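Here is the structure we will look at, set down as structure tokens.
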Amino acid sequence: MSVFLTTWRAQPVLVVLALLWVVLLAAIALLQPQILNSHTFTSILQFASILALVSLGQSLIILAGGAGIDLSVGGNVSLSAVLTMMAIAGGLDGAWMPALCVAIGGALGLANGILVTRLGFYPLIVTLGTFYVYSGVALALTGGAAIPGVPAWSLPWGRGSLGPVPWPFLTLVLPGFLLAFLVLSFTSWGRWIYAMGFNERSARLVGIPVDRVRVLLYTLGGMLSGLAALISLAWLGSARPNVGVNLELESLTAAMLGGVAIFGGRGHVFGVFAAVVLLVTLKTAMLQMGFNTVLQVGVVGLLLILVLLADRLSQTRG
């Protein structure tokens with residue numbers, strides 16, 4: 001009991017996360033035990049691959065403080081996929097698809113970083129604006145229709161798996177989170193990110209290049225969204241202008257649920273990783289139980305409110 005209380009005082013969000021896991025698994029075992037199989041596990045990890053990469057980028061931006069947030073991630077994923085497929089349809093060699101997805105996503109993220117750091121725009125407002133721009137352009141270019149013609153070589157990777165683990169999850173998500181953990185834990189860049197989130201003014205005074213780091217993080221977040229777009233292309237076989245719908249809400253929820261403080265300076269990427277899998281498992285279970293999409297989004301929003309409340313309570317008690 002004392003261990004539980006100590007953990008609750010130190011990291012209440014992680015306790016909430018563990019309790020939610022227990023409740024969710026118990027509910028599935030009671031209501032839909034037939035979905036607890038390897039096929040469902042593979043499907044969960046496949047869906048989680050896109051959200052995990054976007055959430056990783058979102059978490060790094062939030063960790064650095066400065067009211068950092070990126071609400072444009074869904075639009076970035078959609079537009080990166082659409083522009084890449086338009087380039088391939090226009091004659092570009094399909095072998096360039098991965099590099100082009102990452103380059104476009106990074107450029108869109110770089111635009112956010114410049115608007116936030118160089119022009120001093122508030123991140124919440126500017127990334128909400130670019131979300132509408134990116135999403136709107138993706139819809140305008142396609143008329144709402146999917147663009148087929150994804151290179152055949154990418155489909156076995158996008159749809160295949162090693163045992164129950166999908167290749168995109170194994171080759172992009174796991175290495176990405178491991179690399180982020182190593183950078184945050186053992187490099188100067190990692191210490192700079194935490195220092196910026198803890199106290200940006202002090203970080204500037206000790207010589208940390210705050211603006212340069214922030215631009216880099218927005219660019220990196222965009223590149224991770226580009227990788228998510230790559231997964232969507234190789235998995236779905238087409239570029240869909242609505243593939244990034246609700247990713248901004250879900251990635252923000254995953255970051256908060258995983259223990260990243262909303263004002264930065266505190267949090268770990270593995271908590272975000274666990275939160276992503278929890279969110280996708282919850283949505284999968286709700287889908288199997290017949291809940292509509294609107295209710296699923298409502299539940300994700302409710303989770304976001306709950307983890308923000310838990311974070312506020314921990315600050316008050318601290």
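Simple scheme: letters A, B, ... for chains in structure tokens order, numbers from 1 for residues in each chain, numbers from 1 for ligands in the order shown.
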
Give the helix (DSSP H, G or I) residues of stretch 48-199 of chain A, as assigned by DSSP on the backbone, as a ChimeraX atom specification.
-> /A:48-63,73-89,94-117,123-142,152-159,167-186,188-198

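Counting only C-alpha atoms and comparing A:Leu278, A:Leu247, A:Leu304, A:Ile88, the residue that lies closest to A:Phe41 is A:Leu278.
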
Compile the contact shell of A:Ala67 as a short mmCIF file (atom, residue, chain, number, x, y, z; two decimals) with C-alpha atoms, in the first residue's frame: residues with an atom at most 10 Å away, counting only C-alpha atoms, same-chain residues fewer than 5 positions apart removed.
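part.cif written:
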data_model
loop_
_atom_site.label_atom_id
_atom_site.label_comp_id
_atom_site.auth_asym_id
_atom_site.auth_seq_id
_atom_site.Cartn_x
_atom_site.Cartn_y
_atom_site.Cartn_z
CA ILE A 61 7.58 19.31 -28.72
CA ILE A 62 5.57 19.46 -25.48
CA TYR A 122 1.45 31.24 -30.09
CA PRO A 123 1.94 27.50 -30.87
CA LEU A 124 -1.66 26.52 -30.16
CA GLY A 197 10.60 22.70 -20.47
CA ILE A 262 1.44 19.82 -20.43
CA PHE A 263 3.87 22.68 -19.73
CA GLY A 264 6.96 20.56 -20.47
#

Nearest to A:Gly298, restricted to only C-alpha atoms and choosing among A:Ser72, A:Ala274, A:Gly259, A:Asn246, comes out as A:Asn246

Spatial neighbours of A:Ala146, max dist 7 Å, only C-alpha atoms, sep filter under 4 positions, as a list in words =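 The residues that qualify are Thr142, Ser238, Ala239, Arg240 and Pro241 of chain A.
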
Go ahead and write the residues just picked, N, CA and C atoms, as a short mmCIF file (atom, residue, chain, number, x, y, z; two decimals), in the first residue's frame.
data_model
loop_
_atom_site.label_atom_id
_atom_site.label_comp_id
_atom_site.auth_asym_id
_atom_site.auth_seq_id
_atom_site.Cartn_x
_atom_site.Cartn_y
_atom_site.Cartn_z
N THR A 142 -7.26 16.51 -53.95
CA THR A 142 -7.81 15.19 -54.28
C THR A 142 -9.31 15.19 -54.51
N SER A 238 -3.00 3.39 -50.90
CA SER A 238 -3.41 4.63 -51.56
C SER A 238 -3.21 5.79 -50.60
N ALA A 239 -3.20 7.01 -51.16
CA ALA A 239 -3.12 8.22 -50.34
C ALA A 239 -4.53 8.73 -50.08
N ARG A 240 -4.90 8.81 -48.82
CA ARG A 240 -6.25 9.23 -48.46
C ARG A 240 -6.18 10.57 -47.73
N PRO A 241 -6.90 11.56 -48.23
CA PRO A 241 -6.80 12.91 -47.64
C PRO A 241 -7.35 13.01 -46.22
#

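Each of A:Ile305, A:Ala234, A:Val137, A:Ala275 was compared to A:Pro156 using only C-alpha atoms, and A:Ala234 turns out to be the nearest.
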
12 Å contact set for A:Leu216, only C-alpha atoms, chain neighbours under 2 positions out, as a count of residues only = 28

Pick out the residues sitting within 12 Å of A:Gly90, and hand them over as a compact mmCIF listing (two decimals) with C-alpha atoms, in the first residue's frame; count only C-alpha atoms, and ignore anything fewer than 6 positions along from it in its own chain.
# COMPACT_ATOMS: atom_id res chain seq x y z
CA LEU A 83 1.79 15.12 -52.20
CA THR A 84 4.01 12.03 -52.28
CA ILE A 147 -5.00 8.43 -54.94
CA GLY A 149 -0.85 3.53 -57.34

Which of these residues is nearest to A:Val245, using only C-alpha atoms: A:Gly136, A:Gly265, A:Gly120, A:Pro148?
->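 That would be A:Gly136, the residue with the smallest distance to A:Val245.
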
Which stretch 15-115 of chain A residues have any atom within 10 Å of an atom of stretch 132-135 of chain A, and for each, what is the nearest pair of atoms with distance in Å to one decimal, counting only C-alpha atoms, rows sorted by chain and number, as CSV?
residue,atom,partner,partner_atom,distance
A:Leu71,CA,A:Tyr132,CA,9.5
A:Ser72,CA,A:Tyr134,CA,7.4
A:Val73,CA,A:Tyr134,CA,9.1
A:Gly74,CA,A:Ser135,CA,7.6
A:Gly75,CA,A:Ser135,CA,4.4
A:Asn76,CA,A:Tyr134,CA,6.1
A:Val77,CA,A:Tyr134,CA,8.9
A:Ser78,CA,A:Ser135,CA,6.7
A:Leu79,CA,A:Tyr134,CA,5.9
A:Ser80,CA,A:Tyr134,CA,8.9
A:Leu108,CA,A:Tyr134,CA,8.4

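Between A:Leu139 and the residues A:Leu53, A:Ala228, A:Val243, A:Leu31, the shortest atom-to-atom distance, using only C-alpha atoms, involves A:Val243.
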
Using only C-alpha atoms, determine which residues lie at most 12 Å from A:Leu36, disregarding the query and same-chain residues fewer than 4 positions distant; provide the list as a compact mmCIF listing (two decimals) with C-alpha atoms, in the first residue's frame.
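For reference, part-v9.txt as written:
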# COMPACT_ATOMS: atom_id res chain seq x y z
CA LEU A 24 -9.84 -2.34 -20.01
CA LEU A 25 -8.48 -5.88 -20.10
CA ALA A 26 -11.05 -7.02 -17.54
CA ALA A 27 -13.87 -5.45 -19.57
CA ILE A 28 -12.69 -7.10 -22.78
CA ALA A 29 -12.34 -10.48 -21.06
CA LEU A 30 -15.91 -10.21 -19.74
CA LEU A 31 -17.68 -8.66 -22.75
CA GLN A 32 -15.70 -9.71 -25.82
CA THR A 40 -6.43 -8.62 -32.87
CA PHE A 41 -2.98 -8.03 -31.37
CA THR A 42 -1.51 -7.57 -34.86
CA SER A 43 -4.32 -5.20 -35.85
CA ILE A 44 -3.80 -3.12 -32.70
CA THR A 281 -6.71 -1.16 -27.70
CA THR A 284 -10.46 -1.47 -31.07
CA ALA A 285 -12.52 -2.90 -28.22
CA GLN A 288 -15.79 -4.60 -31.72

Backbone DSSP call of strand (DSSP E or B) for stretch 60-247 of chain A, listed as number ranges by chain = A: 147-148, 161-162, 165-166, 238-239

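You can rank A:Gly158, A:Gly237, A:Gly271, A:Gly176 by their closest distance to A:Gly258 using only C-alpha atoms, and at the top of that list sits A:Gly271.
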